[in-house]
Structure formats: structure tokens, C-alpha cells
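*Asks:* Attaching a single structure in C-alpha cells format; questions to follow.
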Amino acid sequence: MIRFRTALQPTLAALLLIGAAASHAAQDDAKLRYERDRQACLSGNTQQARDVCLREAGAALESSRASQLRSAGPAAQTNNATERCDVFTKADEHAACLARVQGPGSASGSVMQGGVLRESTTTTITVIPAK
């Protein structure tokens, strides 16, 4: 039992050091992001009033320090995009929304510009019976 405990101590110490290093790196990333956000606020390159922008940047920094702010991964972003289509109750409208989000098509704009517009083309053929 004592040997197991002695052999485990260096491993636990290494894990604690790795955790501390990861935490420090996350804090550095949060500070860098805050400085970028702050510079964008001060330069007027945002869609918000300067005081609101600075307040939001500070709140994001504090949330990041409290481990409450995380970037969504690709799977979460895709899930979020498809959930936005749930507002369409008609099957054809819902399918068209999913096609815009998931399928090939054009996209323009950006978050900085106020949103991304997605476009897809659906070709329909109407058969008119002969008289």
C-alpha cells in the first residue's frame, strides 16, 4: 500500500502542474481576447455604442475567468443552426431552411455586419395538363 501511494504522488503532482498550466494559458487567452475586444470598442469597429461594448468586453473577461465562457465547437454550431429552423411549422418551409443551413448555396455577410445571409435555389416543375 505504501509503495502504491509513493508511486502515485509524482503522477498526481504532474497532473496538478498540467492543470495549473492549462488554467494559466486559458487566462492568458482571455486577456488577449479582452484586449482585442477593447481595441475594437475604442476604434468604433463594432455595432455597439462604445460604453456598451466596453462593458460587454469586461463581462466576457469575467465570465471567462469564472470558466463560464466557452467557444462552441462545430457540432454545437451546426446544432444551433438547425434548431433555428424549428420555427418553421410547414414541412416544406422547414426543409428549405435546413437546405439553406446545411446544403450548398451562397452565404454573404458576417456577424460584424449584422448577420450571415444564406441562399439556396429550389427548382420546381409544374405540369400543366393538356386541354
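Ligands are numbered from 1 in the order shown, chains are lettered A, B, ... in the order of the C-alpha cells, and residues start at 1 in each chain.
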Neighbouring residues of segment 93-97 of chain A were defined as those with any atom within 12 Å, considering only C-alpha atoms; residues of the same chain fewer than 4 positions away were excluded. Please report them as a ChimeraX atom specification.
*Replies:* /A:81-89,101-103,105,117-123
*Asks:* Could you save those same residues with N, CA, C and O atoms as a PDB file, in the first residue's frame?
*Replies:*
```
ATOM      1  N   ALA A  81     -27.644  26.002 -35.570  1.00  0.00           N
ATOM      2  CA  ALA A  81     -28.166  26.437 -36.872  1.00  0.00           C
ATOM      3  C   ALA A  81     -29.423  25.659 -37.257  1.00  0.00           C
ATOM      4  O   ALA A  81     -30.399  26.237 -37.736  1.00  0.00           O
ATOM      5  N   THR A  82     -29.423  24.352 -37.029  1.00  0.00           N
ATOM      6  CA  THR A  82     -30.599  23.565 -37.408  1.00  0.00           C
ATOM      7  C   THR A  82     -31.765  23.821 -36.455  1.00  0.00           C
ATOM      8  O   THR A  82     -32.923  23.769 -36.871  1.00  0.00           O
ATOM      9  N   GLU A  83     -31.480  24.116 -35.186  1.00  0.00           N
ATOM     10  CA  GLU A  83     -32.561  24.438 -34.253  1.00  0.00           C
ATOM     11  C   GLU A  83     -33.288  25.717 -34.654  1.00  0.00           C
ATOM     12  O   GLU A  83     -34.475  25.872 -34.376  1.00  0.00           O
ATOM     13  N   ARG A  84     -32.605  26.614 -35.315  1.00  0.00           N
ATOM     14  CA  ARG A  84     -33.247  27.851 -35.769  1.00  0.00           C
ATOM     15  C   ARG A  84     -34.328  27.575 -36.811  1.00  0.00           C
ATOM     16  O   ARG A  84     -35.222  28.387 -37.009  1.00  0.00           O
ATOM     17  N   CYS A  85     -34.243  26.431 -37.475  1.00  0.00           N
ATOM     18  CA  CYS A  85     -35.244  26.064 -38.476  1.00  0.00           C
ATOM     19  C   CYS A  85     -36.526  25.531 -37.839  1.00  0.00           C
ATOM     20  O   CYS A  85     -37.541  25.386 -38.519  1.00  0.00           O
ATOM     21  N   ASP A  86     -36.490  25.227 -36.543  1.00  0.00           N
ATOM     22  CA  ASP A  86     -37.670  24.676 -35.868  1.00  0.00           C
ATOM     23  C   ASP A  86     -38.838  25.657 -35.832  1.00  0.00           C
ATOM     24  O   ASP A  86     -39.971  25.260 -35.567  1.00  0.00           O
ATOM     25  N   VAL A  87     -38.564  26.923 -36.088  1.00  0.00           N
ATOM     26  CA  VAL A  87     -39.633  27.916 -36.083  1.00  0.00           C
ATOM     27  C   VAL A  87     -40.610  27.684 -37.244  1.00  0.00           C
ATOM     28  O   VAL A  87     -41.766  28.068 -37.177  1.00  0.00           O
ATOM     29  N   PHE A  88     -40.141  27.026 -38.299  1.00  0.00           N
ATOM     30  CA  PHE A  88     -40.993  26.752 -39.450  1.00  0.00           C
ATOM     31  C   PHE A  88     -41.817  25.502 -39.193  1.00  0.00           C
ATOM     32  O   PHE A  88     -41.279  24.415 -39.000  1.00  0.00           O
ATOM     33  N   THR A  89     -43.131  25.654 -39.186  1.00  0.00           N
ATOM     34  CA  THR A  89     -44.005  24.526 -38.879  1.00  0.00           C
ATOM     35  C   THR A  89     -44.420  23.756 -40.128  1.00  0.00           C
ATOM     36  O   THR A  89     -44.726  22.571 -40.048  1.00  0.00           O
ATOM     37  N   VAL A 101     -29.199  25.995 -44.492  1.00  0.00           N
ATOM     38  CA  VAL A 101     -28.201  25.888 -43.430  1.00  0.00           C
ATOM     39  C   VAL A 101     -27.155  24.814 -43.744  1.00  0.00           C
ATOM     40  O   VAL A 101     -25.961  25.026 -43.542  1.00  0.00           O
ATOM     41  N   GLN A 102     -27.593  23.675 -44.254  1.00  0.00           N
ATOM     42  CA  GLN A 102     -26.704  22.534 -44.407  1.00  0.00           C
ATOM     43  C   GLN A 102     -26.157  22.355 -45.817  1.00  0.00           C
ATOM     44  O   GLN A 102     -25.071  21.813 -45.982  1.00  0.00           O
ATOM     45  N   GLY A 103     -26.919  22.746 -46.790  1.00  0.00           N
ATOM     46  CA  GLY A 103     -26.551  22.424 -48.156  1.00  0.00           C
ATOM     47  C   GLY A 103     -25.665  23.448 -48.814  1.00  0.00           C
ATOM     48  O   GLY A 103     -25.333  24.476 -48.238  1.00  0.00           O
ATOM     49  N   GLY A 105     -24.812  26.373 -51.289  1.00  0.00           N
ATOM     50  CA  GLY A 105     -25.536  27.598 -51.600  1.00  0.00           C
ATOM     51  C   GLY A 105     -24.622  28.767 -51.306  1.00  0.00           C
ATOM     52  O   GLY A 105     -23.485  28.591 -50.898  1.00  0.00           O
ATOM     53  N   LEU A 117     -26.338  35.947 -44.352  1.00  0.00           N
ATOM     54  CA  LEU A 117     -27.497  35.611 -45.174  1.00  0.00           C
ATOM     55  C   LEU A 117     -27.151  34.394 -46.018  1.00  0.00           C
ATOM     56  O   LEU A 117     -26.141  34.376 -46.705  1.00  0.00           O
ATOM     57  N   ARG A 118     -27.981  33.379 -45.940  1.00  0.00           N
ATOM     58  CA  ARG A 118     -27.766  32.162 -46.716  1.00  0.00           C
ATOM     59  C   ARG A 118     -28.855  32.048 -47.766  1.00  0.00           C
ATOM     60  O   ARG A 118     -30.011  32.330 -47.507  1.00  0.00           O
ATOM     61  N   GLU A 119     -28.450  31.602 -48.928  1.00  0.00           N
ATOM     62  CA  GLU A 119     -29.389  31.493 -50.039  1.00  0.00           C
ATOM     63  C   GLU A 119     -29.236  30.131 -50.697  1.00  0.00           C
ATOM     64  O   GLU A 119     -28.133  29.636 -50.883  1.00  0.00           O
ATOM     65  N   SER A 120     -30.358  29.534 -51.020  1.00  0.00           N
ATOM     66  CA  SER A 120     -30.346  28.307 -51.809  1.00  0.00           C
ATOM     67  C   SER A 120     -31.446  28.432 -52.855  1.00  0.00           C
ATOM     68  O   SER A 120     -32.405  29.173 -52.681  1.00  0.00           O
ATOM     69  N   THR A 121     -31.276  27.707 -53.914  1.00  0.00           N
ATOM     70  CA  THR A 121     -32.246  27.755 -55.010  1.00  0.00           C
ATOM     71  C   THR A 121     -32.961  26.416 -55.090  1.00  0.00           C
ATOM     72  O   THR A 121     -32.324  25.367 -55.104  1.00  0.00           O
ATOM     73  N   THR A 122     -34.279  26.481 -55.148  1.00  0.00           N
ATOM     74  CA  THR A 122     -35.096  25.283 -55.296  1.00  0.00           C
ATOM     75  C   THR A 122     -35.851  25.400 -56.613  1.00  0.00           C
ATOM     76  O   THR A 122     -36.566  26.374 -56.840  1.00  0.00           O
ATOM     77  N   THR A 123     -35.657  24.425 -57.470  1.00  0.00           N
ATOM     78  CA  THR A 123     -36.334  24.422 -58.762  1.00  0.00           C
ATOM     79  C   THR A 123     -37.571  23.543 -58.653  1.00  0.00           C
ATOM     80  O   THR A 123     -37.495  22.397 -58.202  1.00  0.00           O
TER      81      THR A 123
END
```
